[in-house]
Amino acid sequence: MSLLFRGGSVLPALLCLAPPASAQQTAGALPLEQIEVAGSAVAAAGGGSLTVPSVAEQRRSLNRTVGSVGFVDAADIQNRYANTLRDVLKDVPGVTVQERYGQEVRLSIRGSGVARGFHLRGIELLQDGIPLNLADGSGDFYQVDPLALRSVEVYKGGNALTFGATTLGGAVNLVTPTARTALAPTIVRIDGGSFNAVRENFQVSRVVGPADFLVNGTVTNADGFRQHEVQRTQNVNANLGYQIAPGIETRFYAGLYVTDQKLPGALTLDESLRTPRIANPAAITGNQSRQVATERIANRTSFLLDIGKLDIDSWAIHKSLYHPIFQVIDQDGWTYGVSPHWAGSFDVAGFRNDTILGLRAYAGQNTALQFVNVAGQRGAQTRNSLQSASSLEAYGENRFWFLPDVALMTGAKLFSANRTYSDKGGLPGNLSAKFANRTYEGVNPKIGLLWQPMPDLQVFGDLTRSRDVPDFSDLVQQNPANTTFVPLQAQRAWTVEAGARGRIDRLGFDVTVYRAEIRDELINFSVNAGLGIPAATFNAPRTRHQGVEAAVSLDLARDLTGVGDSLTLTQIWTRNDFRFVRDPVYGDNRIAGLPRDVLRTVLSYARGGLTLAPSLDWVPTGAFADHTNTLRAPGYALVGLQASVSVDPGLTLFLDARNLTDARYVSDVSAVTNAAALTGSAARIFYPGDGRSVFAGLRGTF
């Protein structure tokens with residue numbers, strides 16, 4: 001793995017290693033006391049129920065994974081201005097989240113979707129273990145409300161097999177609270193600050209005999225750092241659980257998510273650093289925006305059996321999108337599915353054996369219309385198409401404890417994914433009807449070892465196979481052959497990883513190294529939005545992703561003033577080394593899109609109801625903007641401060657100050673082939689980061 005340690009920034013990073021235990025608890029207080037059998041322990045977990053175990057049990061279950069994972073207890077982000085997934089996941093090593101505007105971010109794990117300039121590829125988003133992605137695998141972040149979370153589970157790469165996910169990036173499971181896991185029966189919160197941000201949130205939950213219910217609502221209004229970045233969102237999440245009989249429970253989930261987000265667009269590198277608050281002129285003349293209304297309903301019914309537990313999940317999501325960009329994209333569609341899932345433990349010849357078995361069947365249909373963009377309104381229609389996708393999956397994972405502290409893990413997933421597209425044509429410039437149908441199939445195996453030599457220490461290693469199937473954004477685009485579907489192969493990869501997590505006295509740690517050898521990686525780059533071609537996708541014959549995911553926490557001092565206070569130094573380090581391998585065009589160049597090293601250092605002081613946490617977010621060298629490696633964004637360092645104080649039982653004031661030095665920097669890029677050849681508006685591929693900002697809030701619980 002010699003490529004892991006190229007560059008002069010690695011040695012300083014190693015010397016300063018230390019991750020915010022407040023948010024990435026795997027580093028600070030990883031509870032590895034026991035790797036217990038699932039089954040009755042799940043039902044008996046204090047504070048939870050059969051459908052949704054307690055947060056402590058969620059963490060214990062996650063740490064049974066033979067591979068790299070991450071956990072966030074939402075109690076640790078309550079005193080932040082958490083508006084995006086970056087605010088939730090920034091303390092999880094191996095997860096790169098780069099902000100663009102509003103709630104739009106680039107989310108990548110191990111380089112998933114590394115060069116994709118919009119939304120999500122290569123990661124499954126789940127809410128309460130139930131998929132949020134559309135049926136073709138695509139996804140975005142507009143129905144994720146950080147104030148409606150109780151915990152977040154991150155399964156990197158093939159470690160997400162427990163949900164049936166086997167993409168390169170893995171899965172992020174966003175767990176919402178129930179009345180039995182909520183931080184308080186009633187929560188009222190108001191916060192806001194810079195850029196005219198104001199947000200109100202409420203949560204009410206009750207337990208009534210065998211039933212329990214919870215309702216959470218958030219309204220956000222913000223003008224944003226940049227011109228034409230106004231954000232207006234309304235989110236409601238609710239769930240109702242009922243214990244039908246001993247060992248049988250059902251829970252219904254409902255959600256309503258409405259977003260109206262103006263888009264400021266990308267800028268040139270010079271504009272990003274000199275005048276970062278301006279918008280792309282095309283974003284203003286086209287009144288570019290993203291207006292989304294999503295309704296979600298889901299159910300989980302759980303049965304506690306003599307051996308293990310059976311969950312049966314079902315879901316339906318309706319999404320309406322009005323999206324004026326290069327053209328007006330007008331879509332309306334449904335995604336629906338069902339998934340039985342069994343987990344249990346039993347003896348095999350006197351040895352403990354843990355097994356997970358599951359099926360998933362899901363499908364969706366999306367009416368996709370396009371119009372000429374006339375200042376944000378529909379002009380002449382240019383496309384009338386229907387997108388249909390479906391998938392059938394069967395998966396299983398087994399941990400066989402051939403020694404009391406060593407388990408052999410094996411697993412596999414079989415899948416068949418169909419993409420069907422029809423364009424009725426009959427429109428100016430699009431007269432001919434078009435039709436395409438393609439099915440992708442495969443098997444993804446997995447093998448690994450987990451060793452727990454001490455109660456608070458785990459060592460693991462595994463080898464997994466992943467496949468990423470193209471979505472409609474990849475398949476349906478203009479191409480030289482003028483085919484309906486671009487002839488794309490599924491992206492295939494073998495990933496090997498090794499790591500350790502645990503705690504030794506005052507030192508907590510979670511460190512993993514990995515290497516993925518990829519065939520036919522789906523690579524994106526911006527072409528020329530002015531010509532109506534927003535992106536292009538191709539299969540790179542061979543690429544390599546490798547890196548380090550490290551989180552270390554050190555308790556520097558306890559009882560500094562004799563009143564139970566503490567001082568903790570924490571460090572997150574994500575090392576990204578993503579390259580083409582002997583590519584006929586790009587040789588061994590780095591794949592554009594993500595910076596090589598991302599570091600976050602936090603010094604936390606806690607005393608009773610008071611916390612102070614200055615932080616440093618450091619990107620020593622910015623990301624390349626092009627695959628020919630002729631232009632890269634500059635590195636940057638951002639200084640922040642978080643503080644909170646309990647002024648009364650149940651009443652907390654908090655402050656979240658960011659980029660205190662008002663540094664000008666690039667937070668994200670849209671990758672291109674050769675930046676040196678770009679001129680004029682085509683060179684606008686950079687997203688400037690937010691300037692200095694201060695947010696404050698008041699939260700009451702009762």
# chains A, B, ... in the order shown; residues from 1 in each chain; ligands from 1
$ residues_around --residues "region 363-366 of chain A" --least-positions-apart "2" --cutoff "12 Å" --atoms "only C-alpha atoms" --output "tab-separated table (two decimals) with all heavy atoms, in the first residue's frame"
chain	number	residue	atom	x	y	z
A	131	PRO	N	-34.88	1.92	2.95
A	131	PRO	CA	-34.23	2.77	1.95
A	131	PRO	C	-34.94	4.10	1.70
A	131	PRO	O	-36.17	4.17	1.67
A	131	PRO	CB	-34.24	1.90	0.69
A	131	PRO	CG	-34.29	0.49	1.20
A	131	PRO	CD	-35.14	0.57	2.43
A	133	ASN	N	-33.31	5.93	-0.98
A	133	ASN	CA	-32.94	6.11	-2.38
A	133	ASN	C	-34.11	5.76	-3.30
A	133	ASN	O	-34.99	4.98	-2.94
A	133	ASN	CB	-31.75	5.22	-2.75
A	133	ASN	CG	-30.50	5.57	-1.98
A	133	ASN	OD1	-30.49	5.55	-0.76
A	133	ASN	ND2	-29.43	5.86	-2.69
A	134	LEU	N	-34.08	6.33	-4.50
A	134	LEU	CA	-35.04	5.94	-5.51
A	134	LEU	C	-34.72	4.53	-6.01
A	134	LEU	O	-33.65	3.98	-5.72
A	134	LEU	CB	-35.02	6.93	-6.67
A	134	LEU	CG	-35.40	8.38	-6.32
A	134	LEU	CD1	-35.36	9.26	-7.56
A	134	LEU	CD2	-36.77	8.45	-5.65
A	135	ALA	N	-35.61	3.95	-6.78
A	135	ALA	CA	-35.45	2.56	-7.19
A	135	ALA	C	-34.24	2.35	-8.08
A	135	ALA	O	-33.70	1.24	-8.14
A	135	ALA	CB	-36.71	2.09	-7.92
A	136	ASP	N	-33.77	3.39	-8.78
A	136	ASP	CA	-32.59	3.24	-9.64
A	136	ASP	C	-31.29	3.44	-8.86
A	136	ASP	O	-30.21	3.43	-9.45
A	136	ASP	CB	-32.66	4.19	-10.83
A	136	ASP	CG	-32.49	5.65	-10.44
A	136	ASP	OD1	-32.65	5.97	-9.24
A	136	ASP	OD2	-32.20	6.48	-11.33
A	137	GLY	N	-31.37	3.64	-7.54
A	137	GLY	CA	-30.19	3.79	-6.70
A	137	GLY	C	-29.77	5.22	-6.47
A	137	GLY	O	-28.91	5.48	-5.63
A	138	SER	N	-30.34	6.17	-7.21
A	138	SER	CA	-29.97	7.57	-7.03
A	138	SER	C	-30.60	8.12	-5.75
A	138	SER	O	-31.55	7.54	-5.21
A	138	SER	CB	-30.41	8.40	-8.23
A	138	SER	OG	-31.82	8.39	-8.36
A	314	SER	N	-41.76	-2.57	4.90
A	314	SER	CA	-42.40	-2.18	3.64
A	314	SER	C	-42.43	-0.66	3.59
A	314	SER	O	-42.48	0.00	4.62
A	314	SER	CB	-43.82	-2.76	3.55
A	314	SER	OG	-44.61	-2.37	4.66
A	315	TRP	N	-42.40	-0.12	2.37
A	315	TRP	CA	-42.32	1.33	2.25
A	315	TRP	C	-42.84	1.81	0.90
A	315	TRP	O	-42.88	1.06	-0.08
A	315	TRP	CB	-40.88	1.80	2.45
A	315	TRP	CG	-39.90	1.38	1.39
A	315	TRP	CD1	-39.52	2.10	0.29
A	315	TRP	CD2	-39.17	0.15	1.34
A	315	TRP	NE1	-38.59	1.39	-0.44
A	315	TRP	CE2	-38.35	0.20	0.17
A	315	TRP	CE3	-39.11	-0.98	2.15
A	315	TRP	CZ2	-37.51	-0.85	-0.18
A	315	TRP	CZ3	-38.28	-2.03	1.78
A	315	TRP	CH2	-37.48	-1.96	0.64
A	316	ALA	N	-43.24	3.07	0.90
A	316	ALA	CA	-43.65	3.75	-0.33
A	316	ALA	C	-43.25	5.21	-0.21
A	316	ALA	O	-43.49	5.84	0.83
A	316	ALA	CB	-45.15	3.61	-0.57
A	317	ILE	N	-42.64	5.75	-1.26
A	317	ILE	CA	-42.18	7.14	-1.27
A	317	ILE	C	-42.68	7.81	-2.54
A	317	ILE	O	-42.49	7.29	-3.65
A	317	ILE	CB	-40.64	7.22	-1.21
A	317	ILE	CG1	-40.10	6.54	0.05
A	317	ILE	CG2	-40.17	8.68	-1.26
A	317	ILE	CD1	-38.58	6.43	0.08
A	318	HIS	N	-43.34	8.93	-2.39
A	318	HIS	CA	-43.78	9.73	-3.53
A	318	HIS	C	-42.95	11.01	-3.56
A	318	HIS	O	-42.81	11.69	-2.55
A	318	HIS	CB	-45.26	10.09	-3.43
A	318	HIS	CG	-45.70	11.03	-4.51
A	318	HIS	ND1	-46.05	12.33	-4.25
A	318	HIS	CD2	-45.83	10.86	-5.86
A	318	HIS	CE1	-46.38	12.94	-5.38
A	318	HIS	NE2	-46.26	12.07	-6.37
A	319	LYS	N	-42.40	11.32	-4.72
A	319	LYS	CA	-41.53	12.48	-4.85
A	319	LYS	C	-41.92	13.28	-6.07
A	319	LYS	O	-42.03	12.75	-7.18
A	319	LYS	CB	-40.06	12.04	-4.95
A	319	LYS	CG	-39.08	13.19	-5.12
A	319	LYS	CD	-37.65	12.66	-5.19
A	319	LYS	CE	-36.65	13.77	-5.42
A	319	LYS	NZ	-35.27	13.25	-5.50
A	320	SER	N	-42.11	14.59	-5.87
A	320	SER	CA	-42.40	15.51	-6.96
A	320	SER	C	-41.27	16.54	-7.01
A	320	SER	O	-40.94	17.16	-6.00
A	320	SER	CB	-43.74	16.21	-6.72
A	320	SER	OG	-44.00	17.16	-7.73
A	321	LEU	N	-40.69	16.70	-8.20
A	321	LEU	CA	-39.52	17.57	-8.37
A	321	LEU	C	-39.77	18.57	-9.49
A	321	LEU	O	-40.13	18.19	-10.60
A	321	LEU	CB	-38.28	16.73	-8.70
A	321	LEU	CG	-37.03	17.48	-9.17
A	321	LEU	CD1	-36.45	18.32	-8.03
A	321	LEU	CD2	-35.97	16.51	-9.69
A	330	ASP	N	-38.93	18.37	-14.71
A	330	ASP	CA	-40.21	18.23	-14.02
A	330	ASP	C	-40.51	16.74	-13.89
A	330	ASP	O	-40.79	16.06	-14.88
A	330	ASP	CB	-41.30	18.94	-14.83
A	330	ASP	CG	-42.61	19.07	-14.06
A	330	ASP	OD1	-42.74	18.42	-13.00
A	330	ASP	OD2	-43.49	19.82	-14.52
A	331	GLN	N	-40.42	16.21	-12.66
A	331	GLN	CA	-40.56	14.78	-12.46
A	331	GLN	C	-41.55	14.48	-11.34
A	331	GLN	O	-41.72	15.27	-10.41
A	331	GLN	CB	-39.20	14.14	-12.12
A	331	GLN	CG	-38.16	14.29	-13.21
A	331	GLN	CD	-36.86	13.57	-12.89
A	331	GLN	OE1	-36.67	13.03	-11.80
A	331	GLN	NE2	-35.95	13.55	-13.85
A	332	ASP	N	-42.18	13.32	-11.46
A	332	ASP	CA	-43.10	12.87	-10.43
A	332	ASP	C	-43.07	11.35	-10.43
A	332	ASP	O	-43.22	10.72	-11.49
A	332	ASP	CB	-44.52	13.37	-10.71
A	332	ASP	CG	-45.46	13.10	-9.55
A	332	ASP	OD1	-46.07	12.01	-9.51
A	332	ASP	OD2	-45.58	13.98	-8.67
A	333	GLY	N	-42.85	10.75	-9.26
A	333	GLY	CA	-42.74	9.30	-9.26
A	333	GLY	C	-42.92	8.67	-7.89
A	333	GLY	O	-42.95	9.35	-6.86
A	334	TRP	N	-43.02	7.35	-7.91
A	334	TRP	CA	-43.18	6.53	-6.71
A	334	TRP	C	-42.06	5.50	-6.64
A	334	TRP	O	-41.63	4.97	-7.66
A	334	TRP	CB	-44.52	5.79	-6.75
A	334	TRP	CG	-45.71	6.63	-6.43
A	334	TRP	CD1	-46.45	7.38	-7.30
A	334	TRP	CD2	-46.29	6.81	-5.13
A	334	TRP	NE1	-47.47	8.02	-6.63
A	334	TRP	CE2	-47.40	7.68	-5.29
A	334	TRP	CE3	-45.99	6.33	-3.85
A	334	TRP	CZ2	-48.20	8.07	-4.23
A	334	TRP	CZ3	-46.80	6.71	-2.80
A	334	TRP	CH2	-47.88	7.58	-2.98
A	335	THR	N	-41.65	5.21	-5.42
A	335	THR	CA	-40.75	4.09	-5.13
A	335	THR	C	-41.40	3.27	-4.01
A	335	THR	O	-41.91	3.84	-3.04
A	335	THR	CB	-39.37	4.58	-4.68
A	335	THR	OG1	-38.78	5.36	-5.73
A	335	THR	CG2	-38.45	3.41	-4.35
A	336	TYR	N	-41.37	1.95	-4.12
A	336	TYR	CA	-42.02	1.11	-3.13
A	336	TYR	C	-41.27	-0.20	-3.02
A	336	TYR	O	-40.58	-0.63	-3.96
A	336	TYR	CB	-43.49	0.86	-3.50
A	336	TYR	CG	-43.70	0.61	-4.97
A	336	TYR	CD1	-43.58	-0.66	-5.52
A	336	TYR	CD2	-43.99	1.67	-5.84
A	336	TYR	CE1	-43.76	-0.89	-6.87
A	336	TYR	CE2	-44.16	1.46	-7.20
A	336	TYR	CZ	-44.04	0.18	-7.71
A	336	TYR	OH	-44.20	-0.04	-9.05
A	337	GLY	N	-41.39	-0.84	-1.85
A	337	GLY	CA	-40.67	-2.10	-1.69
A	337	GLY	C	-41.07	-2.85	-0.44
A	337	GLY	O	-41.82	-2.36	0.40
A	338	VAL	N	-40.54	-4.06	-0.33
A	338	VAL	CA	-40.76	-4.91	0.83
A	338	VAL	C	-39.47	-5.66	1.12
A	338	VAL	O	-38.74	-6.03	0.18
A	338	VAL	CB	-41.95	-5.89	0.61
A	338	VAL	CG1	-41.66	-6.83	-0.55
A	338	VAL	CG2	-42.26	-6.67	1.88
A	360	ARG	N	-34.85	-8.41	-0.47
A	360	ARG	CA	-35.37	-7.09	-0.78
A	360	ARG	C	-35.96	-7.10	-2.19
A	360	ARG	O	-35.30	-7.58	-3.12
A	360	ARG	CB	-34.30	-6.00	-0.69
A	360	ARG	CG	-33.80	-5.76	0.71
A	360	ARG	CD	-33.16	-4.39	0.86
A	360	ARG	NE	-32.02	-4.18	-0.02
A	360	ARG	CZ	-31.25	-3.09	0.01
A	360	ARG	NH1	-31.53	-2.10	0.86
A	360	ARG	NH2	-30.23	-2.98	-0.80
A	361	ALA	N	-37.16	-6.59	-2.31
A	361	ALA	CA	-37.78	-6.41	-3.62
A	361	ALA	C	-38.33	-4.99	-3.66
A	361	ALA	O	-39.14	-4.61	-2.81
A	361	ALA	CB	-38.90	-7.43	-3.83
A	368	ALA	N	-40.66	11.65	-16.27
A	368	ALA	CA	-39.57	12.62	-16.40
A	368	ALA	C	-39.82	13.51	-17.62
A	368	ALA	O	-39.67	13.07	-18.76
A	368	ALA	CB	-38.23	11.91	-16.52
A	369	LEU	N	-40.21	14.74	-17.35
A	369	LEU	CA	-40.47	15.72	-18.39
A	369	LEU	C	-39.38	16.79	-18.36
A	369	LEU	O	-38.80	17.07	-17.31
A	369	LEU	CB	-41.84	16.38	-18.21
A	369	LEU	CG	-43.03	15.46	-17.93
A	369	LEU	CD1	-44.29	16.29	-17.74
A	369	LEU	CD2	-43.20	14.44	-19.04
A	384	ASN	N	-40.54	13.91	-23.04
A	384	ASN	CA	-41.67	13.29	-22.36
A	384	ASN	C	-41.32	11.81	-22.19
A	384	ASN	O	-41.49	11.02	-23.11
A	384	ASN	CB	-42.95	13.46	-23.18
A	384	ASN	CG	-44.15	12.84	-22.48
A	384	ASN	OD1	-44.07	12.38	-21.35
A	384	ASN	ND2	-45.30	12.84	-23.17
A	385	SER	N	-40.80	11.45	-21.02
A	385	SER	CA	-40.26	10.10	-20.85
A	385	SER	C	-40.75	9.48	-19.55
A	385	SER	O	-41.26	10.15	-18.65
A	385	SER	CB	-38.73	10.14	-20.86
A	385	SER	OG	-38.23	10.90	-19.78
A	386	LEU	N	-40.56	8.17	-19.49
A	386	LEU	CA	-40.93	7.38	-18.31
A	386	LEU	C	-39.75	6.51	-17.93
A	386	LEU	O	-39.21	5.77	-18.76
A	386	LEU	CB	-42.15	6.51	-18.63
A	386	LEU	CG	-42.73	5.70	-17.45
A	386	LEU	CD1	-43.32	6.64	-16.41
A	386	LEU	CD2	-43.80	4.72	-17.96
A	387	GLN	N	-39.35	6.60	-16.66
A	387	GLN	CA	-38.24	5.82	-16.13
A	387	GLN	C	-38.80	4.77	-15.17
A	387	GLN	O	-39.52	5.12	-14.23
A	387	GLN	CB	-37.25	6.72	-15.39
A	387	GLN	CG	-36.70	7.86	-16.23
A	387	GLN	CD	-35.94	8.88	-15.39
A	387	GLN	OE1	-35.99	8.87	-14.16
A	387	GLN	NE2	-35.24	9.79	-16.06
A	388	SER	N	-38.45	3.52	-15.39
A	388	SER	CA	-38.90	2.44	-14.51
A	388	SER	C	-37.68	1.62	-14.07
A	388	SER	O	-36.82	1.29	-14.88
A	388	SER	CB	-39.90	1.52	-15.23
A	388	SER	OG	-41.03	2.24	-15.66
A	389	ALA	N	-37.63	1.30	-12.79
A	389	ALA	CA	-36.51	0.52	-12.25
A	389	ALA	C	-37.05	-0.49	-11.25
A	389	ALA	O	-38.04	-0.23	-10.56
A	389	ALA	CB	-35.48	1.43	-11.59
A	390	SER	N	-36.40	-1.63	-11.17
A	390	SER	CA	-36.79	-2.65	-10.19
A	390	SER	C	-35.57	-3.47	-9.82
A	390	SER	O	-34.62	-3.59	-10.61
A	390	SER	CB	-37.89	-3.56	-10.75
A	390	SER	OG	-37.43	-4.25	-11.90
A	391	SER	N	-35.60	-4.03	-8.62
A	391	SER	CA	-34.48	-4.86	-8.14
A	391	SER	C	-35.00	-5.99	-7.27
A	391	SER	O	-35.96	-5.81	-6.50
A	391	SER	CB	-33.48	-4.02	-7.33
A	391	SER	OG	-32.80	-3.11	-8.16
A	392	LEU	N	-34.36	-7.14	-7.40
A	392	LEU	CA	-34.58	-8.29	-6.53
A	392	LEU	C	-33.24	-8.67	-5.91
A	392	LEU	O	-32.24	-8.81	-6.63
A	392	LEU	CB	-35.15	-9.47	-7.31
A	392	LEU	CG	-36.57	-9.31	-7.85
A	392	LEU	CD1	-36.92	-10.51	-8.74
A	392	LEU	CD2	-37.58	-9.20	-6.70
A	393	GLU	N	-33.21	-8.82	-4.59
A	393	GLU	CA	-31.95	-9.09	-3.90
A	393	GLU	C	-32.16	-10.15	-2.82
A	393	GLU	O	-33.20	-10.17	-2.15
A	393	GLU	CB	-31.41	-7.81	-3.25
A	393	GLU	CG	-31.20	-6.67	-4.22
A	393	GLU	CD	-30.87	-5.36	-3.53
A	393	GLU	OE1	-30.94	-5.31	-2.28
A	393	GLU	OE2	-30.56	-4.38	-4.24
A	416	SER	N	-30.47	-8.73	-9.02
A	416	SER	CA	-30.86	-8.49	-10.41
A	416	SER	C	-31.55	-7.13	-10.43
A	416	SER	O	-32.56	-6.93	-9.74
A	416	SER	CB	-31.81	-9.58	-10.92
A	416	SER	OG	-32.26	-9.28	-12.23
A	417	ALA	N	-30.99	-6.18	-11.21
A	417	ALA	CA	-31.49	-4.81	-11.24
A	417	ALA	C	-31.83	-4.43	-12.68
A	417	ALA	O	-30.98	-4.51	-13.56
A	417	ALA	CB	-30.46	-3.84	-10.67
A	418	ASN	N	-33.06	-4.00	-12.89
A	418	ASN	CA	-33.52	-3.65	-14.23
A	418	ASN	C	-33.71	-2.14	-14.36
A	418	ASN	O	-34.16	-1.47	-13.42
A	418	ASN	CB	-34.85	-4.36	-14.53
A	418	ASN	CG	-35.42	-3.96	-15.88
A	418	ASN	OD1	-36.30	-3.10	-15.96
A	418	ASN	ND2	-34.91	-4.57	-16.94
A	419	ARG	N	-33.37	-1.62	-15.54
A	419	ARG	CA	-33.61	-0.22	-15.88
A	419	ARG	C	-34.35	-0.19	-17.22
A	419	ARG	O	-33.86	-0.71	-18.23
A	419	ARG	CB	-32.30	0.56	-16.02
A	419	ARG	CG	-31.37	0.44	-14.81
A	419	ARG	CD	-31.86	1.29	-13.66
A	419	ARG	NE	-30.92	1.26	-12.55
A	419	ARG	CZ	-31.05	0.48	-11.48
A	419	ARG	NH1	-32.07	-0.37	-11.41
A	419	ARG	NH2	-30.17	0.53	-10.51
A	420	THR	N	-35.53	0.40	-17.24
A	420	THR	CA	-36.34	0.51	-18.45
A	420	THR	C	-36.70	1.97	-18.67
A	420	THR	O	-37.11	2.67	-17.74
A	420	THR	CB	-37.63	-0.33	-18.34
A	420	THR	OG1	-37.28	-1.69	-18.11
A	420	THR	CG2	-38.45	-0.23	-19.61
A	421	TYR	N	-36.55	2.41	-19.92
A	421	TYR	CA	-36.76	3.82	-20.24
A	421	TYR	C	-37.52	3.94	-21.55
A	421	TYR	O	-37.24	3.21	-22.51
A	421	TYR	CB	-35.40	4.52	-20.37
A	421	TYR	CG	-35.45	5.96	-20.81
A	421	TYR	CD1	-35.66	6.98	-19.90
A	421	TYR	CD2	-35.27	6.30	-22.15
A	421	TYR	CE1	-35.69	8.31	-20.30
A	421	TYR	CE2	-35.29	7.62	-22.56
A	421	TYR	CZ	-35.51	8.62	-21.63
A	421	TYR	OH	-35.54	9.94	-22.03
A	422	SER	N	-38.50	4.84	-21.58
A	422	SER	CA	-39.23	5.10	-22.82
A	422	SER	C	-39.44	6.61	-22.97
A	422	SER	O	-39.80	7.29	-22.01
A	422	SER	CB	-40.58	4.38	-22.84
A	422	SER	OG	-41.41	4.83	-21.79
A	472	PHE	N	-30.39	6.40	-13.85
A	472	PHE	CA	-30.86	7.01	-15.09
A	472	PHE	C	-30.07	8.25	-15.49
A	472	PHE	O	-29.95	8.57	-16.68
A	472	PHE	CB	-32.36	7.34	-14.98
A	472	PHE	CG	-33.24	6.13	-15.09
A	472	PHE	CD1	-33.96	5.67	-14.00
A	472	PHE	CD2	-33.33	5.43	-16.29
A	472	PHE	CE1	-34.77	4.54	-14.10
A	472	PHE	CE2	-34.14	4.30	-16.40
A	472	PHE	CZ	-34.86	3.85	-15.30
$ select_by_dssp --residues "region 423-519 of chain A" --states "helix (DSSP H, G or I)" --output "VMD selection string"
chain A and resid 472 to 475
$ closest_residue --among "A:Gln489, A:Gln546, A:Ser194, A:Thr51" --to "Ala696 (chain A)" --atoms "only C-alpha atoms"
A:Ser194
$ closest_residue --among "A:Leu638, A:Ile572, A:Val694, A:Leu567" --to "Ser604 (chain A)" --atoms "only C-alpha atoms"
A:Leu567
$ closest_residue --among "A:Ser553, A:Ser151, A:Ser339, A:Thr166" --to "Phe415 (chain A)" --atoms "only C-alpha atoms"
A:Thr166
$ closest_residue --among "A:Ala682, A:Leu569, A:Val95, A:Ala637" --to "Ala663 (chain A)" --atoms "only C-alpha atoms"
A:Ala637
$ residues_around --residues "Ser615 (chain A)" --least-positions-apart "5" --cutoff "8 Å" --atoms "only C-alpha atoms" --output "list of chain:residue names"
A:Arg600, A:Thr601, A:Val602, A:Leu603, A:Val639, A:Gly640, A:Leu641
$ closest_residue --among "A:Ala407, A:Val645, A:Ile325, A:Ala211" --to "Leu698 (chain A)" --atoms "only C-alpha atoms"
A:Val645
$ residues_around --residues "region 561-566 of chain A" --least-positions-apart "2" --cutoff "6 Å" --atoms "only C-alpha atoms" --output "PyMOL selection string"
chain A and resi 557-559+605-607
$ residues_around --residues "Asp140 (chain A)" --least-positions-apart "5" --cutoff "10 Å" --atoms "only C-alpha atoms" --output "list of chain:residue names"
A:Gln103, A:Glu104, A:Val105, A:Arg106, A:Leu107, A:Phe118, A:His119, A:Leu120, A:Arg121, A:Leu125, A:Leu132, A:Asn133, A:Leu134
$ closest_residue --among "A:Gly193, A:Gly609, A:Gly697, A:Gly499" --to "Val69 (chain A)" --atoms "only C-alpha atoms"
A:Gly499
$ residues_around --residues "Gln491 (chain A)" --least-positions-apart "5" --cutoff "12 Å" --atoms "only C-alpha atoms" --output "number ranges by chain"
A: 112-113, 121-122, 166-169, 440-442, 465-471, 474, 516-523, 537-543
$ closest_atom_pairs --of "region 264-323 of chain A" --to "region 223-240 of chain A" --cutoff "10 Å" --atoms "only C-alpha atoms" --output "JSON lines"
{"residue": "A:Pro264", "atom": "CA", "partner": "A:His228", "partner_atom": "CA", "distance": 5.1}
{"residue": "A:Gly265", "atom": "CA", "partner": "A:His228", "partner_atom": "CA", "distance": 8.8}
{"residue": "A:Thr275", "atom": "CA", "partner": "A:Arg226", "partner_atom": "CA", "distance": 9.7}
{"residue": "A:Pro276", "atom": "CA", "partner": "A:Arg226", "partner_atom": "CA", "distance": 7.1}
{"residue": "A:Arg277", "atom": "CA", "partner": "A:Arg226", "partner_atom": "CA", "distance": 4.1}
{"residue": "A:Ile278", "atom": "CA", "partner": "A:Gln227", "partner_atom": "CA", "distance": 5.3}
{"residue": "A:Ala279", "atom": "CA", "partner": "A:Gln227", "partner_atom": "CA", "distance": 5.3}
{"residue": "A:Asn280", "atom": "CA", "partner": "A:Gln227", "partner_atom": "CA", "distance": 9.0}
{"residue": "A:Ala283", "atom": "CA", "partner": "A:His228", "partner_atom": "CA", "distance": 7.9}
{"residue": "A:Ile284", "atom": "CA", "partner": "A:His228", "partner_atom": "CA", "distance": 7.1}
{"residue": "A:Asn287", "atom": "CA", "partner": "A:His228", "partner_atom": "CA", "distance": 8.4}
{"residue": "A:Gln288", "atom": "CA", "partner": "A:His228", "partner_atom": "CA", "distance": 8.6}
{"residue": "A:Ser289", "atom": "CA", "partner": "A:Glu229", "partner_atom": "CA", "distance": 8.8}
{"residue": "A:Arg290", "atom": "CA", "partner": "A:Gln231", "partner_atom": "CA", "distance": 9.8}
{"residue": "A:Gln291", "atom": "CA", "partner": "A:Arg232", "partner_atom": "CA", "distance": 9.6}
{"residue": "A:Val292", "atom": "CA", "partner": "A:Thr233", "partner_atom": "CA", "distance": 9.5}
{"residue": "A:Ala293", "atom": "CA", "partner": "A:Gln234", "partner_atom": "CA", "distance": 9.6}
{"residue": "A:Thr294", "atom": "CA", "partner": "A:Asn235", "partner_atom": "CA", "distance": 9.6}
{"residue": "A:Glu295", "atom": "CA", "partner": "A:Val236", "partner_atom": "CA", "distance": 9.7}
{"residue": "A:Arg296", "atom": "CA", "partner": "A:Asn237", "partner_atom": "CA", "distance": 9.2}
{"residue": "A:Ile297", "atom": "CA", "partner": "A:Asn239", "partner_atom": "CA", "distance": 9.5}
{"residue": "A:Ala298", "atom": "CA", "partner": "A:Asn239", "partner_atom": "CA", "distance": 9.2}
{"residue": "A:Asn299", "atom": "CA", "partner": "A:Asn239", "partner_atom": "CA", "distance": 9.2}
$ atom_distance --atom1 "CA of Pro649 (chain A)" --atom2 "CA of Thr178 (chain A)"
22.3 Å
